[in-house]
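S.K.: So that you have it, the file is work_0.txt, and it contains compact mmCIF, C-alpha atoms and all ligand atoms:
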```
# COMPACT_ATOMS: atom_id res chain seq x y z
CA MET A 1 -141.12 -108.42 -56.50
CA SER A 2 -143.68 -105.68 -55.80
CA ASP A 3 -142.98 -102.45 -53.97
CA TRP A 4 -143.29 -103.01 -50.26
CA SER A 5 -145.02 -100.05 -48.60
CA HIS A 6 -145.47 -101.23 -45.02
CA ARG A 7 -143.52 -99.62 -42.23
CA HIS A 8 -145.13 -101.96 -39.68
CA VAL A 9 -146.87 -105.33 -39.91
CA LEU A 10 -149.86 -105.10 -37.60
CA ASP A 11 -152.73 -106.82 -39.40
CA LEU A 12 -153.16 -108.77 -42.65
CA ALA A 13 -156.33 -106.78 -43.42
CA ALA A 14 -153.98 -104.15 -44.85
CA PHE A 15 -152.20 -106.61 -47.20
CA SER A 16 -152.69 -106.58 -50.96
CA LEU A 17 -152.34 -109.66 -53.15
CA GLU A 18 -148.91 -108.35 -54.20
CA ASP A 19 -147.85 -108.17 -50.54
CA TYR A 20 -148.73 -111.84 -50.06
CA ALA A 21 -146.87 -112.75 -53.25
CA THR A 22 -143.79 -110.84 -52.07
CA VAL A 23 -143.71 -112.57 -48.69
CA LEU A 24 -144.25 -116.04 -50.19
CA GLU A 25 -141.57 -115.52 -52.83
CA LEU A 26 -138.99 -114.38 -50.27
CA ALA A 27 -139.97 -117.11 -47.81
CA GLN A 28 -139.49 -119.75 -50.50
CA ARG A 29 -135.98 -118.41 -51.17
CA PHE A 30 -135.13 -118.40 -47.46
CA ARG A 31 -136.67 -121.87 -47.05
CA ALA A 32 -134.16 -123.18 -49.58
CA MET A 33 -131.21 -121.90 -47.52
CA PRO A 34 -129.15 -124.60 -45.81
CA THR A 35 -129.99 -125.00 -42.12
CA SER A 36 -126.48 -126.07 -41.15
CA GLY A 37 -123.00 -124.84 -41.96
CA ALA A 38 -122.80 -121.36 -43.50
CA ARG A 39 -126.43 -120.46 -42.98
CA LYS A 40 -126.40 -116.73 -42.25
CA LEU A 41 -127.19 -113.92 -44.64
CA PRO A 42 -125.74 -110.47 -43.92
CA ALA A 43 -129.01 -108.63 -44.72
CA LEU A 44 -129.67 -107.31 -41.18
CA GLN A 45 -126.08 -106.88 -40.04
CA GLY A 46 -125.90 -103.98 -37.59
CA ARG A 47 -129.67 -104.01 -36.97
CA LEU A 48 -131.23 -104.76 -33.60
CA VAL A 49 -134.39 -106.88 -33.35
CA THR A 50 -136.08 -106.74 -29.94
CA THR A 51 -138.77 -109.24 -28.97
CA LEU A 52 -141.24 -107.88 -26.42
CA PHE A 53 -143.59 -110.67 -25.43
CA PHE A 54 -146.02 -109.65 -22.69
CA GLU A 55 -147.81 -112.99 -23.15
CA PRO A 56 -146.25 -116.49 -23.26
CA SER A 57 -144.96 -117.97 -26.51
CA THR A 58 -142.85 -120.90 -27.63
CA ARG A 59 -143.03 -120.81 -31.43
CA THR A 60 -143.46 -117.17 -32.41
CA ARG A 61 -140.82 -115.70 -30.17
CA SER A 62 -138.20 -118.39 -30.83
CA SER A 63 -138.67 -118.39 -34.56
CA PHE A 64 -138.55 -114.57 -34.81
CA GLU A 65 -135.30 -114.65 -32.85
CA LEU A 66 -133.87 -117.43 -35.03
CA ALA A 67 -135.04 -115.63 -38.18
CA ALA A 68 -133.31 -112.44 -37.03
CA LYS A 69 -130.08 -114.33 -36.28
CA ARG A 70 -130.13 -116.02 -39.69
CA LEU A 71 -130.19 -112.52 -41.18
CA SER A 72 -127.22 -111.52 -38.96
CA ALA A 73 -129.23 -109.10 -36.77
CA ASP A 74 -128.46 -108.55 -33.10
CA VAL A 75 -131.30 -109.92 -30.99
CA GLN A 76 -132.50 -108.70 -27.62
CA SER A 77 -135.43 -110.21 -25.75
CA PHE A 78 -137.54 -108.83 -22.96
CA SER A 79 -139.13 -110.82 -20.18
CA PRO A 80 -142.01 -109.04 -18.38
CA SER A 81 -141.71 -110.99 -15.12
CA SER A 82 -138.13 -109.83 -14.50
CA SER A 83 -138.59 -106.30 -15.87
CA SER A 84 -139.25 -102.92 -14.27
CA LEU A 85 -142.92 -103.25 -15.20
CA SER A 86 -143.21 -104.73 -11.70
CA LYS A 87 -141.99 -101.37 -10.33
CA GLY A 88 -144.76 -99.53 -12.15
CA GLU A 89 -143.00 -98.51 -15.35
CA SER A 90 -145.55 -98.07 -18.14
CA LEU A 91 -145.64 -100.23 -21.24
CA LEU A 92 -144.83 -97.28 -23.50
CA ASP A 93 -141.90 -96.19 -21.33
CA THR A 94 -140.63 -99.77 -21.34
CA VAL A 95 -140.78 -99.87 -25.12
CA ARG A 96 -139.14 -96.44 -25.42
CA THR A 97 -136.31 -97.73 -23.25
CA TYR A 98 -135.59 -100.46 -25.81
CA VAL A 99 -135.84 -97.97 -28.66
CA ALA A 100 -133.31 -95.77 -26.82
CA MET A 101 -130.99 -98.80 -26.77
CA GLY A 102 -131.14 -98.81 -30.56
CA ALA A 103 -133.91 -101.26 -31.47
CA ASP A 104 -134.71 -101.13 -35.22
CA LEU A 105 -137.50 -103.73 -35.22
CA LEU A 106 -139.82 -104.56 -32.34
CA VAL A 107 -141.81 -107.79 -32.26
CA VAL A 108 -144.65 -107.27 -29.81
CA ARG A 109 -147.12 -109.74 -28.34
CA HIS A 110 -149.78 -108.63 -25.86
CA ARG A 111 -152.98 -110.11 -24.50
CA CYS A 112 -154.89 -106.89 -25.31
CA THR A 113 -156.10 -106.12 -28.81
CA GLY A 114 -154.46 -103.07 -30.37
CA VAL A 115 -151.32 -102.79 -28.24
CA PRO A 116 -148.83 -103.24 -31.15
CA ALA A 117 -150.81 -100.75 -33.29
CA SER A 118 -150.97 -98.25 -30.46
CA LEU A 119 -147.20 -98.52 -29.86
CA ALA A 120 -146.54 -98.10 -33.60
CA HIS A 121 -148.75 -95.00 -33.62
CA ASP A 122 -147.02 -93.45 -30.59
CA LEU A 123 -143.52 -94.22 -31.90
CA ASP A 124 -144.37 -92.80 -35.35
CA ALA A 125 -145.82 -89.68 -33.72
CA SER A 126 -142.60 -89.07 -31.85
CA GLY A 127 -140.55 -89.46 -35.03
CA GLU A 128 -138.91 -92.81 -34.22
CA ARG A 129 -137.81 -94.87 -37.24
CA VAL A 130 -138.54 -98.21 -35.58
CA SER A 131 -140.82 -100.85 -37.14
CA VAL A 132 -143.38 -102.79 -35.11
CA LEU A 133 -144.30 -106.36 -35.94
CA ASN A 134 -147.39 -107.77 -34.28
CA GLY A 135 -146.52 -111.10 -32.65
CA GLY A 136 -150.17 -111.62 -31.67
CA ASP A 137 -152.57 -109.19 -29.94
CA GLY A 138 -155.61 -110.35 -27.99
CA LEU A 139 -158.28 -111.82 -30.23
CA HIS A 140 -157.35 -109.49 -33.06
CA SER A 141 -154.46 -110.54 -35.23
CA HIS A 142 -151.44 -112.84 -35.57
CA PRO A 143 -150.09 -111.84 -38.97
CA SER A 144 -146.91 -113.92 -39.04
CA GLN A 145 -148.93 -117.04 -38.16
CA GLY A 146 -151.45 -116.29 -40.93
CA LEU A 147 -148.57 -115.90 -43.38
CA LEU A 148 -146.80 -119.06 -42.35
CA ASP A 149 -150.06 -120.98 -42.62
CA LEU A 150 -150.56 -119.52 -46.09
CA PHE A 151 -147.00 -120.44 -47.08
CA THR A 152 -147.44 -123.98 -45.73
CA LEU A 153 -150.66 -124.47 -47.70
CA ALA A 154 -149.21 -122.93 -50.88
CA ARG A 155 -146.20 -125.28 -50.64
CA GLN A 156 -148.57 -128.18 -50.13
CA PHE A 157 -150.60 -127.38 -53.25
CA ALA A 158 -147.71 -126.10 -55.42
CA PRO A 159 -144.38 -127.22 -53.92
CA GLU A 160 -142.23 -125.67 -56.66
CA ALA A 161 -144.11 -122.38 -56.97
CA PRO A 162 -145.95 -121.56 -53.72
CA THR A 163 -147.68 -118.37 -54.85
CA PRO A 164 -151.05 -116.97 -53.74
CA GLU A 165 -152.49 -118.46 -56.96
CA ALA A 166 -152.00 -121.94 -55.44
CA LEU A 167 -154.87 -121.17 -53.06
CA ARG A 168 -157.41 -120.02 -55.65
CA GLY A 169 -160.62 -122.07 -55.48
CA ARG A 170 -159.29 -124.30 -52.68
CA ARG A 171 -161.71 -125.21 -49.93
CA ILE A 172 -160.08 -124.72 -46.53
CA VAL A 173 -161.95 -125.79 -43.40
CA ILE A 174 -161.17 -123.96 -40.15
CA VAL A 175 -162.65 -125.77 -37.17
CA GLY A 176 -162.79 -124.94 -33.49
CA ASP A 177 -162.56 -121.91 -31.24
CA VAL A 178 -162.83 -119.23 -33.92
CA LEU A 179 -164.23 -116.66 -31.47
CA HIS A 180 -161.02 -116.44 -29.41
CA SER A 181 -158.62 -117.01 -32.29
CA ARG A 182 -156.46 -114.23 -33.69
CA VAL A 183 -154.96 -116.95 -35.91
CA ALA A 184 -158.36 -117.62 -37.48
CA ARG A 185 -158.92 -113.91 -38.11
CA SER A 186 -155.52 -113.52 -39.80
CA ASN A 187 -156.14 -116.65 -41.85
CA LEU A 188 -159.52 -115.34 -42.97
CA TRP A 189 -157.87 -112.23 -44.42
CA ALA A 190 -154.99 -114.15 -45.99
CA LEU A 191 -156.88 -117.12 -47.43
CA THR A 192 -159.73 -115.11 -48.91
CA ALA A 193 -157.28 -112.59 -50.40
CA CYS A 194 -155.71 -115.48 -52.30
CA GLY A 195 -159.10 -116.69 -53.54
CA ALA A 196 -159.68 -119.63 -51.19
CA ASP A 197 -163.17 -120.57 -50.07
CA VAL A 198 -163.16 -120.89 -46.29
CA VAL A 199 -165.61 -123.08 -44.39
CA LEU A 200 -165.78 -122.24 -40.68
CA CYS A 201 -167.00 -124.94 -38.33
CA GLY A 202 -167.66 -124.91 -34.59
CA PRO A 203 -170.42 -124.63 -31.98
CA PRO A 204 -172.34 -121.30 -31.82
CA THR A 205 -170.65 -120.44 -28.50
CA LEU A 206 -167.23 -120.48 -30.23
CA LEU A 207 -168.31 -119.43 -33.72
CA PRO A 208 -170.93 -116.63 -33.82
CA GLU A 209 -172.91 -116.23 -37.07
CA ALA A 210 -171.31 -112.80 -37.64
CA PHE A 211 -168.10 -114.51 -38.79
CA SER A 212 -169.71 -115.34 -42.13
CA ASP A 213 -169.46 -111.57 -42.90
CA PHE A 214 -165.93 -111.20 -41.56
CA VAL A 215 -164.33 -110.13 -44.85
CA ALA A 216 -167.49 -108.69 -46.43
CA ALA A 217 -166.77 -105.03 -45.59
CA PRO A 218 -163.55 -103.01 -45.95
CA PRO A 219 -161.20 -103.79 -43.07
CA PRO A 220 -161.67 -101.61 -39.95
CA GLY A 221 -160.06 -98.20 -40.38
CA GLN A 222 -159.73 -98.56 -44.18
CA SER A 223 -161.99 -96.89 -46.74
CA SER A 224 -161.56 -99.72 -49.26
CA ASP A 225 -160.35 -103.29 -49.35
CA PRO A 226 -156.77 -103.60 -50.71
CA VAL A 227 -157.85 -106.88 -52.34
CA ALA A 228 -160.11 -106.55 -55.40
CA ARG A 229 -161.84 -109.94 -55.24
CA ARG A 230 -161.84 -112.24 -52.25
CA GLY A 231 -162.79 -115.86 -51.86
CA SER A 232 -165.84 -116.74 -49.78
CA VAL A 233 -166.54 -117.50 -46.12
CA ARG A 234 -169.40 -119.67 -44.93
CA ILE A 235 -170.35 -121.41 -41.71
CA GLU A 236 -171.13 -125.12 -41.48
CA ARG A 237 -171.99 -126.42 -38.01
CA ASP A 238 -171.68 -130.11 -38.84
CA LEU A 239 -168.03 -131.14 -39.10
CA ASP A 240 -168.69 -134.13 -41.36
CA GLN A 241 -170.53 -131.86 -43.80
CA ALA A 242 -167.76 -129.27 -43.58
CA LEU A 243 -165.08 -131.84 -44.37
CA ALA A 244 -166.76 -133.10 -47.54
CA GLY A 245 -164.74 -131.73 -50.46
CA ALA A 246 -162.11 -130.03 -48.28
CA ASP A 247 -158.61 -129.47 -49.63
CA ALA A 248 -157.12 -128.83 -46.18
CA VAL A 249 -158.32 -128.67 -42.58
CA MET A 250 -157.04 -126.26 -39.98
CA THR A 251 -158.02 -126.91 -36.40
CA LEU A 252 -157.71 -124.34 -33.62
CA ARG A 253 -156.77 -124.56 -29.97
CA LEU A 254 -159.52 -124.18 -27.40
CA GLN A 255 -158.31 -121.01 -25.69
CA LYS A 256 -159.49 -121.74 -22.18
CA GLU A 257 -157.45 -118.82 -20.79
CA ARG A 258 -159.61 -116.39 -22.81
CA MET A 259 -162.97 -117.96 -21.97
CA THR A 260 -164.73 -115.85 -19.36
CA GLN A 261 -167.72 -118.16 -19.07
CA GLN A 262 -168.67 -121.79 -19.55
CA LEU A 263 -168.82 -122.18 -23.34
CA LEU A 264 -168.54 -125.96 -23.62
CA THR A 265 -170.59 -128.81 -22.21
CA SER A 266 -167.44 -130.89 -21.75
CA LEU A 267 -164.14 -131.51 -23.52
CA GLU A 268 -165.32 -135.04 -24.38
CA HIS A 269 -168.46 -133.65 -26.02
CA TYR A 270 -166.37 -131.09 -27.92
CA HIS A 271 -163.95 -133.74 -29.15
CA ARG A 272 -166.82 -135.99 -30.25
CA HIS A 273 -168.38 -133.23 -32.37
CA TYR A 274 -165.42 -131.08 -33.45
CA GLY A 275 -162.29 -133.12 -32.82
CA LEU A 276 -160.30 -134.47 -35.75
CA THR A 277 -159.36 -138.14 -35.94
CA HIS A 278 -158.27 -140.46 -38.73
CA ALA A 279 -161.78 -141.93 -38.83
CA ARG A 280 -163.35 -138.50 -39.20
CA LEU A 281 -161.01 -137.58 -42.02
CA GLU A 282 -162.28 -140.48 -44.11
CA ARG A 283 -164.76 -137.88 -45.35
CA CYS A 284 -161.82 -136.19 -47.11
CA GLY A 285 -159.36 -137.48 -49.66
CA ALA A 286 -156.38 -139.45 -48.37
CA SER A 287 -154.01 -136.58 -49.09
CA VAL A 288 -155.96 -133.83 -47.32
CA PRO A 289 -153.58 -132.30 -44.76
CA VAL A 290 -154.29 -131.14 -41.22
CA LEU A 291 -152.86 -127.94 -39.74
CA HIS A 292 -152.84 -126.53 -36.21
CA PRO A 293 -151.05 -123.33 -35.13
CA GLY A 294 -150.05 -124.86 -31.81
CA PRO A 295 -149.86 -125.30 -28.93
CA VAL A 296 -152.19 -128.33 -29.24
CA ASN A 297 -154.53 -129.76 -26.63
CA ARG A 298 -153.79 -133.38 -27.58
CA GLY A 299 -156.89 -135.52 -27.80
CA VAL A 300 -159.21 -132.48 -27.79
CA GLU A 301 -158.84 -130.58 -31.09
CA LEU A 302 -157.21 -133.55 -32.75
CA SER A 303 -156.15 -137.01 -31.74
CA GLY A 304 -152.55 -137.66 -30.78
CA ALA A 305 -152.33 -140.27 -33.56
CA LEU A 306 -153.36 -137.72 -36.17
CA LEU A 307 -151.05 -135.03 -34.79
CA ASP A 308 -148.11 -137.45 -35.01
CA ASP A 309 -148.99 -138.83 -38.45
CA PRO A 310 -146.52 -137.31 -40.97
CA ARG A 311 -148.76 -138.33 -43.89
CA ARG A 312 -151.55 -136.09 -42.59
CA SER A 313 -150.17 -133.57 -40.12
CA LEU A 314 -148.42 -130.38 -41.25
CA VAL A 315 -147.98 -129.11 -37.70
CA GLU A 316 -144.19 -129.54 -37.65
CA GLU A 317 -143.97 -128.18 -41.19
CA GLN A 318 -145.82 -125.05 -40.00
CA VAL A 319 -143.22 -124.56 -37.26
CA THR A 320 -140.36 -125.03 -39.74
CA ASN A 321 -141.96 -122.62 -42.19
CA GLY A 322 -142.33 -120.00 -39.48
CA ILE A 323 -138.63 -119.22 -39.72
CA PRO A 324 -138.37 -118.34 -43.44
CA VAL A 325 -141.68 -116.44 -43.31
CA ARG A 326 -140.47 -114.36 -40.36
CA MET A 327 -137.12 -113.85 -42.11
CA ALA A 328 -139.08 -112.47 -45.06
CA LEU A 329 -141.00 -110.05 -42.82
CA LEU A 330 -137.89 -108.82 -41.00
CA TYR A 331 -136.05 -108.45 -44.29
CA LEU A 332 -138.86 -106.43 -45.90
CA LEU A 333 -139.30 -104.13 -42.92
CA ALA A 334 -135.58 -103.55 -42.54
CA ALA A 335 -135.29 -102.79 -46.25
CA SER A 336 -138.22 -100.35 -46.12
N1 LIG B 1 -148.90 -120.40 -32.73
C1 LIG B 1 -148.35 -119.62 -31.77
O1 LIG B 1 -148.51 -118.41 -31.74
O2 LIG B 1 -147.63 -120.32 -30.86
P1 LIG B 1 -146.88 -119.67 -29.61
O3 LIG B 1 -147.94 -119.13 -28.68
O4 LIG B 1 -146.09 -120.81 -29.01
O5 LIG B 1 -146.01 -118.56 -30.11
```
Translate the structure of the given file into structure tokens.

M.R.:
Amino acid sequence: MSDWSHRHVLDLAAFSLEDYATVLELAQRFRAMPTSGARKLPALQGRLVTTLFFEPSTRTRSSFELAAKRLSADVQSFSPSSSSLSKGESLLDTVRTYVAMGADLLVVRHRCTGVPASLAHDLDASGERVSVLNGGDGLHSHPSQGLLDLFTLARQFAPEAPTPEALRGRRIVIVGDVLHSRVARSNLWALTACGADVVLCGPPTLLPEAFSDFVAAPPPGQSSDPVARRGSVRIERDLDQALAGADAVMTLRLQKERMTQQLLTSLEHYHRHYGLTHARLERCGASVPVLHPGPVNRGVELSGALLDDPRRSLVEEQVTNGIPVRMALLYLLAAS
């Protein structure tokens, strides 16, 4: 296992290939743990994990909390609607309050890009020893989702040894609302770091041309890329063309809550051109899996029949894999 140098996990752009290998290796070990009976490890005994979600979540928050409990941490969660934010307390003062209660690891989700990084910066500057894990910020980054997607794909291609190498040369199609997707951005960093060739597909309103250069330059704020050689990214507007030769297809939720203007003609039109169905997948091999980070707009991004088809859909597997991947992240940050 490589040396882990991260105090916080804010963005996968900062991850090296060794970092991905470390997370996948640990996640595979935690995935093999029994899920009933004696299922707790003592690794985080005496540590406090606090989840601060300023934006709704079902999967990320619950699985971070479950992951923390499986490592024997104490868990504390914050709910903005019933907090003193409504009395005018600032976000930073709110977070400092939880740090004063002894939080060791903070999992932060916020609708604004940069909030977890800004909190990490302010806490570091004031000498706090707390780690910040980004649970999703604005359009920017959702690192634990990118890692669980990577783990799910690696297990699909190499069930016994799900390493980054399992992704090398694989063609992964990401279709849908890339513009508003922090999941897509995190997946672009993770998949290309592991040598996958990513094909992005969607209408120009949801997939600007600039995305083809997304990983071409060093990540923002870094003088060089921590990954020596990345896979490729290209845009294909026609979904049937994109699907030809795909090894896996990831579809994204239409994030209507982030759309500030009319970007679609209609949901029916979108589904006809960019929705996944069994018929559409005939372009791919019979074993090509479908992923979706959830929550799903059934019948829009993919048909209900496809979502519920265990031979094709990895959506439940992604949720299951979220727990060992988040255990790995908590374990590594607590150890560091
Ligand atoms: N994929 C994801 O982030 O789901 P939640 O919003 O339910 O956490």

S.K.: Interatomic distance between CA of Leu44 (chain A) and CA of Ser72 (chain A)?

M.R.: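 Distance reported for this atom pair: 5.4 Å.
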
S.K.: For Ala196 (chain A), list every protein, DNA or RNA residue within 10 Å, evaluated using all atoms listed in the file, and leave out those in the same chain fewer than 2 positions away; present the list as a count of residues only.

M.R.: 21

S.K.: Restricting the calculation to all atoms listed in the file, which member of A:Leu52, A:Ile174, A:Leu66, A:Leu12 is positioned closest to Arg39 (chain A)?

M.R.: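 Smallest distance to Arg39 (chain A) is found for A:Leu66.
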
S.K.: Give me, as a tab-separated table, each residue of chain A that comes within 10 Å of ligand LIG 1 (chain B), together with its shortest interatomic pair and the distance in Å at one decimal, counting all atoms listed in the file, with rows ordered by chain and rising residue number.

M.R.:
```
residue	atom	partner	partner_atom	distance
A:Phe53	CA	B:LIG1	O5	9.5
A:Glu55	CA	B:LIG1	O3	8.3
A:Pro56	CA	B:LIG1	O3	6.3
A:Ser57	CA	B:LIG1	O5	3.8
A:Thr58	CA	B:LIG1	O4	3.5
A:Arg59	CA	B:LIG1	O4	3.9
A:Thr60	CA	B:LIG1	O5	3.7
A:Arg61	CA	B:LIG1	O5	5.9
A:Ser62	CA	B:LIG1	O5	7.8
A:Ser63	CA	B:LIG1	O5	8.6
A:Phe64	CA	B:LIG1	O5	9.7
A:Arg109	CA	B:LIG1	O5	9.1
A:Gly135	CA	B:LIG1	O1	7.6
A:Gly136	CA	B:LIG1	O1	7.0
A:His142	CA	B:LIG1	O1	7.4
A:Pro143	CA	B:LIG1	O1	9.9
A:Ser144	CA	B:LIG1	O1	8.7
A:Gln145	CA	B:LIG1	N1	6.4
A:Gly146	CA	B:LIG1	N1	9.5
A:Leu148	CA	B:LIG1	N1	9.9
A:Asp149	CA	B:LIG1	N1	10.0
A:Arg182	CA	B:LIG1	O1	9.2
A:Val183	CA	B:LIG1	N1	7.7
A:Leu252	CA	B:LIG1	N1	9.7
A:Arg253	CA	B:LIG1	N1	9.3
A:His292	CA	B:LIG1	N1	8.1
A:Pro293	CA	B:LIG1	N1	4.4
A:Gly294	CA	B:LIG1	N1	4.7
A:Pro295	CA	B:LIG1	O2	5.8
A:Val296	CA	B:LIG1	N1	9.3
A:Gln318	CA	B:LIG1	N1	9.2
A:Val319	CA	B:LIG1	N1	8.4
A:Gly322	CA	B:LIG1	N1	9.4
```

S.K.: Do a neighbour search on Pro204 (chain A) at 12 Å with only C-alpha atoms, toss out local chain neighbours closer than 5 positions, and write the hits as a list in words.

M.R.: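 Close residues of Pro204 (chain A): Val175, Gly176, Asp177, Val178, Leu179, Glu209, Ala210, Phe211, Ile235, Glu236, Arg237, Asp238, Leu263 and Leu264 of chain A.
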
S.K.: Which neighbours of Val132 (chain A) fall inside 9 Å, counting all atoms listed in the file, when residues of the same chain fewer than 4 positions from it are skipped, and could you give them as a VMD selection string?

M.R.: chain A and resid 7 to 10 104 to 108 116 to 117 119 to 120 333

S.K.: Could the residues in this selection be saved with C-alpha atoms as an mmCIF file, in the frame of the given file?

M.R.:
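Once written, selection.cif looks like this:
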```cif
data_model
loop_
_atom_site.group_PDB
_atom_site.id
_atom_site.type_symbol
_atom_site.label_atom_id
_atom_site.label_comp_id
_atom_site.auth_asym_id
_atom_site.auth_seq_id
_atom_site.Cartn_x
_atom_site.Cartn_y
_atom_site.Cartn_z
ATOM 1 C CA ARG A 7 -143.520 -99.620 -42.230
ATOM 2 C CA HIS A 8 -145.130 -101.960 -39.680
ATOM 3 C CA VAL A 9 -146.870 -105.330 -39.910
ATOM 4 C CA LEU A 10 -149.860 -105.100 -37.600
ATOM 5 C CA ASP A 104 -134.710 -101.130 -35.220
ATOM 6 C CA LEU A 105 -137.500 -103.730 -35.220
ATOM 7 C CA LEU A 106 -139.820 -104.560 -32.340
ATOM 8 C CA VAL A 107 -141.810 -107.790 -32.260
ATOM 9 C CA VAL A 108 -144.650 -107.270 -29.810
ATOM 10 C CA PRO A 116 -148.830 -103.240 -31.150
ATOM 11 C CA ALA A 117 -150.810 -100.750 -33.290
ATOM 12 C CA LEU A 119 -147.200 -98.520 -29.860
ATOM 13 C CA ALA A 120 -146.540 -98.100 -33.600
ATOM 14 C CA LEU A 333 -139.300 -104.130 -42.920
#
```

S.K.: Could you work out how far CA of His273 (chain A) lies from CA of Asp240 (chain A), giving the answer in Å with one decimal?

M.R.: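 Computed distance, CA of Asp240 (chain A) to CA of His273 (chain A), equals 9.0 Å.
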
S.K.: Can you work out the spacing between CA of Ala161 (chain A) and CA of Glu317 (chain A) in Å, to one decimal?

M.R.: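 These two atoms are separated by 16.8 Å.
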
S.K.: Nearest to Phe214 (chain A) among A:Leu267, A:Ala13, A:Leu254, A:Arg47, with distances taken over only C-alpha atoms: which residue is it?

M.R.: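 Selected residue with least distance to Phe214 (chain A): A:Ala13.
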
S.K.: Hey, what's within 12 Å of Ala286 (chain A) if we count all atoms listed in the file and toss same-chain stuff fewer than 2 positions away? As a list of chain:residue names, please?

M.R.: A:Gly245, A:Ala246, A:Asp247, A:Ala248, A:His278, A:Ala279, A:Arg280, A:Leu281, A:Glu282, A:Arg283, A:Cys284, A:Val288, A:Pro289, A:Val290, A:Arg311, A:Arg312, A:Ser313

S.K.: Set the distance at 10 Å and use only C-alpha atoms: which residues neighbour Tyr98 (chain A) once local chain neighbours fewer than 3 positions away are removed? I'd like the list as an mmCIF file with C-alpha atoms, keeping the file's coordinate frame.

M.R.:
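After the write, around.cif holds the following:
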```cif
data_model
loop_
_atom_site.group_PDB
_atom_site.id
_atom_site.type_symbol
_atom_site.label_atom_id
_atom_site.label_comp_id
_atom_site.auth_asym_id
_atom_site.auth_seq_id
_atom_site.Cartn_x
_atom_site.Cartn_y
_atom_site.Cartn_z
ATOM 1 C CA LEU A 48 -131.230 -104.760 -33.600
ATOM 2 C CA VAL A 49 -134.390 -106.880 -33.350
ATOM 3 C CA THR A 50 -136.080 -106.740 -29.940
ATOM 4 C CA THR A 51 -138.770 -109.240 -28.970
ATOM 5 C CA LEU A 52 -141.240 -107.880 -26.420
ATOM 6 C CA GLN A 76 -132.500 -108.700 -27.620
ATOM 7 C CA SER A 77 -135.430 -110.210 -25.750
ATOM 8 C CA PHE A 78 -137.540 -108.830 -22.960
ATOM 9 C CA ASP A 93 -141.900 -96.190 -21.330
ATOM 10 C CA THR A 94 -140.630 -99.770 -21.340
ATOM 11 C CA VAL A 95 -140.780 -99.870 -25.120
ATOM 12 C CA MET A 101 -130.990 -98.800 -26.770
ATOM 13 C CA GLY A 102 -131.140 -98.810 -30.560
ATOM 14 C CA ALA A 103 -133.910 -101.260 -31.470
ATOM 15 C CA ASP A 104 -134.710 -101.130 -35.220
ATOM 16 C CA LEU A 106 -139.820 -104.560 -32.340
#
```

S.K.: Pick out the closest residue to Leu329 (chain A) from this set: A:Thr97, A:Phe157, A:Gly46, A:Ser131. Count only C-alpha atoms.

M.R.: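 The shortest atom-to-atom distance to Leu329 (chain A) comes from A:Ser131.
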
S.K.: Once you count all atoms listed in the file, which residues end up no further than 9 Å from (-164.5, -107.7, -45.7) in the file's frame, shown as a ChimeraX atom specification?

M.R.: /A:13,189,213-220,225,230

S.K.: Taking (-147.5, -106.6, -55.0) in the file's coordinates as the center, which residues reach within 8 Å of it, counting all atoms listed in the file, put as a list of chain:residue names?

M.R.: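 Residues lying no farther than 8 Å from the given point: A:Met1, A:Ser2, A:Asp3, A:Trp4, A:Ser16, A:Leu17, A:Glu18, A:Asp19, A:Tyr20, A:Ala21, A:Thr22.
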
S.K.: Padding 3 Å on every side, please: axis-aligned box over the listed atoms of region 306-323 of chain A, centre and edge lengths to one decimal in Å, as JSON.

M.R.:
```
{"center_x": -146.0, "center_y": -129.0, "center_z": -39.3, "size_x": 20.7, "size_y": 25.6, "size_z": 15.1}
```
